[in-house]
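Shown next, in structure tokens, is the structure this report addresses.
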Amino acid sequence: MTETKRNRIGYIDTAKGIGIILVCLGHAITNANKSVNVEHSVLLQFISQFHMPFFFAISGFVFSESSFVNPLKASWKKFKAYYIPFVVYNLIFVLLHNPMAYLHIFSEQYSLGETGRKIISVLTFHIQEICGAMWFVRTLFTIVIMFIWMKYFIRRLLPEKYEEVITGILVLGMQVFSLLGICPRAFRMDLACSYFLFFYLGWLLKKYEWHKYVTKNRHILAVIGLVLNVIFANAYTYAIGGPCEGYVVVIRYIGQLSGILMLLSISQFNLVSNNRLLRYLGTKTLDIMALHFVCFKIVSYIIIAVYGLEPGHMEDIPVVFGIGGFWWILYVMVGLSVPVVVRMIFEKIRSVGVLSCRKDGTLS
């Protein structure tokens, strides 16, 4: 596989493109209050086994070694990369809450006081329901900050040969705490402890160049991952709210790891890796993750009009409950395309603004 000009492995954006399609698909078929009751529960179980662990693994894979040199500078950089977009997207929905309530997307109007409390809530890293998928950004930010400082102190206090041993012990310790349910839930530290393992495995995959092994054996890893996860999806429901204890915990880890390797392998098939659409979607994952819930409302409005449903069904998240058929296809198409169009319009407006400033001589 070739490297990009930024020394980034070329198929990673393709892999992220596949991943964000699975995110939209998983939400598009969640047409019931409880995931176990959805129409395509086996498909949802299949996707849910590995699609979020995959995103954390990819984030670890592309994480820069230079972040450990100056942790303060690196933490500020990650703050701007994760916290600020999180706040901006969530604040947009707080400020638009009342206008959206007129469209029945929300049931109640916010008073001035409630709006203020919601703004404070967002600033303290709490999520608006319509922006629910942004939990990933919050969790990733927590993991990244923890990883930066963990590595910094380990490298300062211990010999290099012990670095990954100690790091691995700490990461596994977090995983044990998450399994025992003793992690604090403040800012969902429990999620950070749970997903830290996959971030770290992604980091190791790149550091020790294990990804070359994946490339070499991509066909067999793709087949193994597909077969295992199809079997698990039909036999267990742990990924969509079913019980996960005893040996099922081991099954879950096997499904997660094999699913990650499966997506990395599939993204390297020539027909897939050269797909420009997948690569492009892979560069817009943040926008799609933040906006696809609200964009789904476009399809929900159509469904309500077609079936003559009560307008209150616009409040159903992520999609209108109790409606089957092939509406999920339209949900996926809208959830992927509209956020990209919104981003393109925003970039166009911003570029025009910058050009205008330059013409006025007020921006160098």
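In the structure tokens, chains take letters A, B, ... by order of appearance, with residues numbered from 1 within each chain and ligands from 1 in the order shown.
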* Asked: Near segment 302-313 of chain A, counting only C-alpha atoms, which residues have an atom at most 10 Å away, once you skip same-chain residues fewer than 5 positions from it, shown as a ChimeraX atom specification?
  -> /A:103-107,297,319-321,323,327
Restricting it to C-alpha atoms, dump the selection as a short mmCIF file (atom, residue, chain, number, x, y, z; two decimals), in the first residue's frame.
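Produced file part_20.cif, reproduced below:
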data_model
loop_
_atom_site.label_atom_id
_atom_site.label_comp_id
_atom_site.auth_asym_id
_atom_site.auth_seq_id
_atom_site.Cartn_x
_atom_site.Cartn_y
_atom_site.Cartn_z
CA LEU A 103 -41.39 21.52 13.38
CA HIS A 104 -42.25 18.89 16.03
CA ILE A 105 -38.64 17.70 16.14
CA PHE A 106 -38.74 18.51 19.86
CA SER A 107 -41.82 18.32 22.06
CA LYS A 297 -35.66 14.10 10.12
CA VAL A 319 -35.81 7.17 13.00
CA VAL A 320 -39.60 6.83 13.08
CA PHE A 321 -40.44 3.85 15.25
CA ILE A 323 -42.14 1.63 10.29
CA TRP A 327 -37.05 3.35 4.32
#
* Identify all residues of segment 76-308 of chain A in helix (DSSP H, G or I) (DSSP on the backbone) and supply them as an MDAnalysis selection string. => chainID A and resid 76:95 97:102 112:123 129:157 160:180 186:207 211:216 218:235 238:240 247:266 270:273 276:282 285:307
Segment 40-144 of chain A near segment 203-206 of chain A within 8 Å: what's each residue's closest atom pair and its distance in Å to one decimal, counting only C-alpha atoms, ordered by chain then ascending residue number, as a tab-separated table?
residue	atom	partner	partner_atom	distance
A:Ala57	CA	A:Trp203	CA	7.3
A:Gly60	CA	A:Trp203	CA	4.4
A:Phe61	CA	A:Trp203	CA	4.5
A:Val62	CA	A:Trp203	CA	7.4
A:Phe63	CA	A:Trp203	CA	6.8
* atom CA of Gly202 of chain A to atom CA of Trp149 of chain A, distance in Å rounded to a single decimal -> 17.9 Å
* To do: Would you mind listing what lies within 12 Å of Met150 of chain A as a ChimeraX atom specification, with only C-alpha atoms counted and same-chain residues fewer than 5 positions away left out?
  => /A:67-68,71,143-145,155-158,163-164,166-171,200
Would you mind exporting N, CA and C atoms of the selected residues as an mmCIF file, in the first residue's frame?
data_model
loop_
_atom_site.group_PDB
_atom_site.id
_atom_site.type_symbol
_atom_site.label_atom_id
_atom_site.label_comp_id
_atom_site.auth_asym_id
_atom_site.auth_seq_id
_atom_site.Cartn_x
_atom_site.Cartn_y
_atom_site.Cartn_z
ATOM 1 N N SER A 67 3.123 13.654 19.801
ATOM 2 C CA SER A 67 2.254 14.208 20.849
ATOM 3 C C SER A 67 2.836 14.036 22.241
ATOM 4 N N PHE A 68 3.763 13.084 22.403
ATOM 5 C CA PHE A 68 4.308 12.804 23.723
ATOM 6 C C PHE A 68 5.469 13.726 24.089
ATOM 7 N N PRO A 71 3.407 17.511 25.968
ATOM 8 C CA PRO A 71 2.011 17.133 26.255
ATOM 9 C C PRO A 71 1.060 18.313 26.386
ATOM 10 N N ILE A 143 -9.875 9.734 25.946
ATOM 11 C CA ILE A 143 -8.857 8.707 25.728
ATOM 12 C C ILE A 143 -7.541 9.330 25.271
ATOM 13 N N VAL A 144 -7.628 10.243 24.322
ATOM 14 C CA VAL A 144 -6.422 10.866 23.764
ATOM 15 C C VAL A 144 -5.655 11.637 24.834
ATOM 16 N N ILE A 145 -6.356 12.423 25.642
ATOM 17 C CA ILE A 145 -5.691 13.187 26.703
ATOM 18 C C ILE A 145 -5.043 12.233 27.705
ATOM 19 N N ARG A 155 7.459 7.537 29.905
ATOM 20 C CA ARG A 155 8.741 7.748 29.230
ATOM 21 C C ARG A 155 9.729 8.528 30.095
ATOM 22 N N ARG A 156 9.231 9.370 30.952
ATOM 23 C CA ARG A 156 10.114 10.151 31.835
ATOM 24 C C ARG A 156 10.585 9.343 33.039
ATOM 25 N N LEU A 157 9.763 8.409 33.488
ATOM 26 C CA LEU A 157 10.047 7.716 34.742
ATOM 27 C C LEU A 157 10.629 6.320 34.584
ATOM 28 N N LEU A 158 10.448 5.714 33.409
ATOM 29 C CA LEU A 158 10.843 4.316 33.248
ATOM 30 C C LEU A 158 11.748 4.121 32.035
ATOM 31 N N GLU A 163 8.259 0.450 28.523
ATOM 32 C CA GLU A 163 7.199 1.383 28.161
ATOM 33 C C GLU A 163 5.893 0.699 27.792
ATOM 34 N N GLU A 164 5.950 -0.203 26.821
ATOM 35 C CA GLU A 164 4.708 -0.810 26.358
ATOM 36 C C GLU A 164 4.170 -1.833 27.344
ATOM 37 N N ILE A 166 4.248 -1.512 30.699
ATOM 38 C CA ILE A 166 3.496 -0.746 31.691
ATOM 39 C C ILE A 166 2.238 -0.148 31.079
ATOM 40 N N THR A 167 2.371 0.379 29.855
ATOM 41 C CA THR A 167 1.192 0.943 29.182
ATOM 42 C C THR A 167 0.124 -0.130 29.007
ATOM 43 N N GLY A 168 0.545 -1.308 28.566
ATOM 44 C CA GLY A 168 -0.393 -2.406 28.367
ATOM 45 C C GLY A 168 -1.087 -2.816 29.650
ATOM 46 N N ILE A 169 -0.333 -2.840 30.750
ATOM 47 C CA ILE A 169 -0.923 -3.203 32.044
ATOM 48 C C ILE A 169 -1.972 -2.177 32.455
ATOM 49 N N LEU A 170 -1.653 -0.899 32.280
ATOM 50 C CA LEU A 170 -2.604 0.151 32.636
ATOM 51 C C LEU A 170 -3.876 0.073 31.778
ATOM 52 N N VAL A 171 -3.690 -0.167 30.480
ATOM 53 C CA VAL A 171 -4.845 -0.255 29.578
ATOM 54 C C VAL A 171 -5.715 -1.458 29.922
ATOM 55 N N TYR A 200 -5.605 1.698 21.851
ATOM 56 C CA TYR A 200 -4.224 1.266 22.072
ATOM 57 C C TYR A 200 -3.814 0.176 21.085
#
* Just give me the gap between atom CA of Leu257 of chain A and atom CA of Phe56 of chain A in Å, one decimal is fine. => 11.7 Å
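The shortest atom-to-atom distance to Ser300 of chain A, with only C-alpha atoms taken into account, belongs to A:Asp316 out of A:Asp316, A:Lys77, A:His97, A:Tyr213.
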* **Selection: 12 Å around Ile92 of chain A, only C-alpha atoms, excl. self and same-chain fewer than 6 positions, as a ChimeraX atom specification** => /A:85-86,98-100,115,118-119,122,127-128,130-131,290-291,294
Could you write out that same residue set with N, CA and C atoms as a PDB file, in the first residue's frame?
ATOM      1  N   PRO A  85     -15.251  21.405  18.202  1.00  0.00           N
ATOM      2  CA  PRO A  85     -16.331  20.940  17.314  1.00  0.00           C
ATOM      3  C   PRO A  85     -17.511  20.342  18.080  1.00  0.00           C
ATOM      4  N   PHE A  86     -17.205  19.614  19.162  1.00  0.00           N
ATOM      5  CA  PHE A  86     -18.274  19.047  19.985  1.00  0.00           C
ATOM      6  C   PHE A  86     -19.194  20.141  20.500  1.00  0.00           C
ATOM      7  N   ASN A  98     -35.821  25.830  19.889  1.00  0.00           N
ATOM      8  CA  ASN A  98     -37.196  26.356  19.814  1.00  0.00           C
ATOM      9  C   ASN A  98     -37.732  26.409  18.385  1.00  0.00           C
ATOM     10  N   PRO A  99     -36.955  26.899  17.409  1.00  0.00           N
ATOM     11  CA  PRO A  99     -37.453  26.821  16.023  1.00  0.00           C
ATOM     12  C   PRO A  99     -37.730  25.387  15.575  1.00  0.00           C
ATOM     13  N   MET A 100     -36.876  24.447  16.016  1.00  0.00           N
ATOM     14  CA  MET A 100     -37.080  23.047  15.636  1.00  0.00           C
ATOM     15  C   MET A 100     -38.273  22.446  16.356  1.00  0.00           C
ATOM     16  N   THR A 115     -32.517  27.309  28.327  1.00  0.00           N
ATOM     17  CA  THR A 115     -31.500  27.473  27.290  1.00  0.00           C
ATOM     18  C   THR A 115     -30.145  27.728  27.917  1.00  0.00           C
ATOM     19  N   LYS A 118     -28.817  24.515  29.364  1.00  0.00           N
ATOM     20  CA  LYS A 118     -28.370  23.618  28.296  1.00  0.00           C
ATOM     21  C   LYS A 118     -27.015  24.056  27.740  1.00  0.00           C
ATOM     22  N   ILE A 119     -26.811  25.352  27.634  1.00  0.00           N
ATOM     23  CA  ILE A 119     -25.528  25.868  27.152  1.00  0.00           C
ATOM     24  C   ILE A 119     -24.412  25.469  28.112  1.00  0.00           C
ATOM     25  N   VAL A 122     -23.679  21.797  27.695  1.00  0.00           N
ATOM     26  CA  VAL A 122     -22.837  21.509  26.527  1.00  0.00           C
ATOM     27  C   VAL A 122     -21.383  21.862  26.799  1.00  0.00           C
ATOM     28  N   ILE A 127     -24.178  15.988  26.040  1.00  0.00           N
ATOM     29  CA  ILE A 127     -24.620  15.864  24.654  1.00  0.00           C
ATOM     30  C   ILE A 127     -26.110  16.145  24.524  1.00  0.00           C
ATOM     31  N   GLN A 128     -26.476  16.868  23.463  1.00  0.00           N
ATOM     32  CA  GLN A 128     -27.874  17.010  23.083  1.00  0.00           C
ATOM     33  C   GLN A 128     -28.315  15.729  22.368  1.00  0.00           C
ATOM     34  N   ILE A 130     -30.276  15.055  19.960  1.00  0.00           N
ATOM     35  CA  ILE A 130     -30.295  15.102  18.502  1.00  0.00           C
ATOM     36  C   ILE A 130     -28.887  14.997  17.935  1.00  0.00           C
ATOM     37  N   CYS A 131     -27.904  15.165  18.800  1.00  0.00           N
ATOM     38  CA  CYS A 131     -26.495  15.084  18.405  1.00  0.00           C
ATOM     39  C   CYS A 131     -25.831  13.893  19.100  1.00  0.00           C
ATOM     40  N   ALA A 290     -22.028  14.098  13.473  1.00  0.00           N
ATOM     41  CA  ALA A 290     -22.716  15.158  14.204  1.00  0.00           C
ATOM     42  C   ALA A 290     -24.100  15.466  13.649  1.00  0.00           C
ATOM     43  N   LEU A 291     -24.291  15.339  12.344  1.00  0.00           N
ATOM     44  CA  LEU A 291     -25.491  15.863  11.699  1.00  0.00           C
ATOM     45  C   LEU A 291     -26.470  14.803  11.185  1.00  0.00           C
ATOM     46  N   VAL A 294     -30.137  14.690  12.761  1.00  0.00           N
ATOM     47  CA  VAL A 294     -31.072  15.752  12.368  1.00  0.00           C
ATOM     48  C   VAL A 294     -31.417  15.647  10.888  1.00  0.00           C
TER      49      VAL A 294
END
* To do: Within 7 Å of Val340 of chain A, counting only C-alpha atoms, which residues show up once you throw out same-chain ones fewer than 3 positions away? Write them as an MDAnalysis selection string, please.
  => chainID A and resid 284 288 336:337 343:344
* Using only C-alpha atoms, find the one residue out of A:Leu264, A:Val23, A:Ile120, A:Leu191 that sits nearest to Leu179 of chain A. => A:Leu191
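Between Asn33 of chain A and the candidates A:Met333, A:Ile240, A:Leu197, A:Leu263, the tightest atom-to-atom separation, counting only C-alpha atoms, involves A:Ile240.
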* To do: With a distance cut-off of 10 Å and only C-alpha atoms, select the neighbouring residues of segment 194-196 of chain A, excluding the residue or stretch itself and same-chain residues fewer than 5 positions from it, and output the selection as JSON, numbers by chain.
  => {"A": [52, 53, 54, 55, 56, 57, 60, 136, 139, 140, 142, 143, 144, 146, 147, 171, 172, 174, 175, 176, 177, 178, 179, 181, 183, 189, 201, 202]}
Could the residues in this selection be written to a file with C-alpha atoms, as an mmCIF file, in the first residue's frame?
data_model
loop_
_atom_site.group_PDB
_atom_site.id
_atom_site.type_symbol
_atom_site.label_atom_id
_atom_site.label_comp_id
_atom_site.auth_asym_id
_atom_site.auth_seq_id
_atom_site.Cartn_x
_atom_site.Cartn_y
_atom_site.Cartn_z
ATOM 1 C CA MET A 52 -17.365 1.698 17.159
ATOM 2 C CA PRO A 53 -14.337 -0.308 18.377
ATOM 3 C CA PHE A 54 -13.124 0.051 14.790
ATOM 4 C CA PHE A 55 -13.309 3.861 14.924
ATOM 5 C CA PHE A 56 -11.331 3.947 18.156
ATOM 6 C CA ALA A 57 -8.742 1.577 16.668
ATOM 7 C CA GLY A 60 -5.134 5.068 17.668
ATOM 8 C CA PHE A 136 -17.719 9.206 20.287
ATOM 9 C CA THR A 139 -14.925 9.637 24.592
ATOM 10 C CA LEU A 140 -12.108 9.903 22.070
ATOM 11 C CA THR A 142 -10.846 11.678 27.006
ATOM 12 C CA ILE A 143 -8.857 8.707 25.728
ATOM 13 C CA VAL A 144 -6.422 10.866 23.764
ATOM 14 C CA MET A 146 -5.189 10.210 29.012
ATOM 15 C CA PHE A 147 -2.902 8.531 26.492
ATOM 16 C CA VAL A 171 -4.845 -0.255 29.578
ATOM 17 C CA LEU A 172 -5.836 -3.780 30.572
ATOM 18 C CA MET A 174 -8.964 0.032 32.657
ATOM 19 C CA GLN A 175 -10.618 -2.739 30.696
ATOM 20 C CA VAL A 176 -11.036 -4.838 33.833
ATOM 21 C CA PHE A 177 -12.514 -1.859 35.683
ATOM 22 C CA SER A 178 -14.998 -1.337 32.847
ATOM 23 C CA LEU A 179 -16.017 -4.999 32.918
ATOM 24 C CA GLY A 181 -18.580 -1.679 36.325
ATOM 25 C CA CYS A 183 -15.380 3.110 36.471
ATOM 26 C CA MET A 189 -15.162 7.798 31.938
ATOM 27 C CA LEU A 201 -4.403 -1.774 19.794
ATOM 28 C CA GLY A 202 -4.668 0.579 16.821
#
* **For Tyr253 of chain A, the nearest of the candidates A:Leu277, A:Val214, A:Leu228, A:Ala81, counting only C-alpha atoms** => A:Leu228
* **Residues near segment 10-16 of chain A, cut-off 8 Å, only C-alpha atoms, skip fewer than 6 positions along chain, as a list in words** =>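 Non-adjacent residues within range: Met1, Thr2, Glu3, Thr4, Phe55, Ile58, Leu263, Leu264, Ile266, Ser267, Gln268, Val272, Ser273, Asn275, Leu278, Arg279, Tyr280, Leu281, Gly282, Thr283 and Thr285 of chain A.
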Those same residues - C-alpha atoms - I'd like them written as a CSV table (one decimal), in the first residue's frame.
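Generated file (part.csv):
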chain,number,residue,atom,x,y,z
A,1,MET,CA,0.0,0.0,0.0
A,2,THR,CA,1.2,3.5,-0.8
A,3,GLU,CA,1.6,6.3,1.6
A,4,THR,CA,0.0,9.7,1.1
A,55,PHE,CA,-13.3,3.9,14.9
A,58,ILE,CA,-8.4,3.8,13.6
A,263,LEU,CA,-12.8,-3.8,7.9
A,264,LEU,CA,-9.1,-2.9,7.6
A,266,ILE,CA,-11.7,-5.1,3.1
A,267,SER,CA,-10.6,-1.4,2.8
A,268,GLN,CA,-7.4,-2.7,1.1
A,272,VAL,CA,-12.6,-0.8,-2.5
A,273,SER,CA,-9.4,1.2,-1.7
A,275,ASN,CA,-13.2,4.1,-4.5
A,278,LEU,CA,-15.5,6.0,0.2
A,279,ARG,CA,-12.4,8.0,0.6
A,280,TYR,CA,-14.3,11.3,0.5
A,281,LEU,CA,-16.8,10.1,3.1
A,282,GLY,CA,-13.9,9.0,5.3
A,283,THR,CA,-12.7,12.6,5.4
A,285,THR,CA,-16.8,11.5,9.4
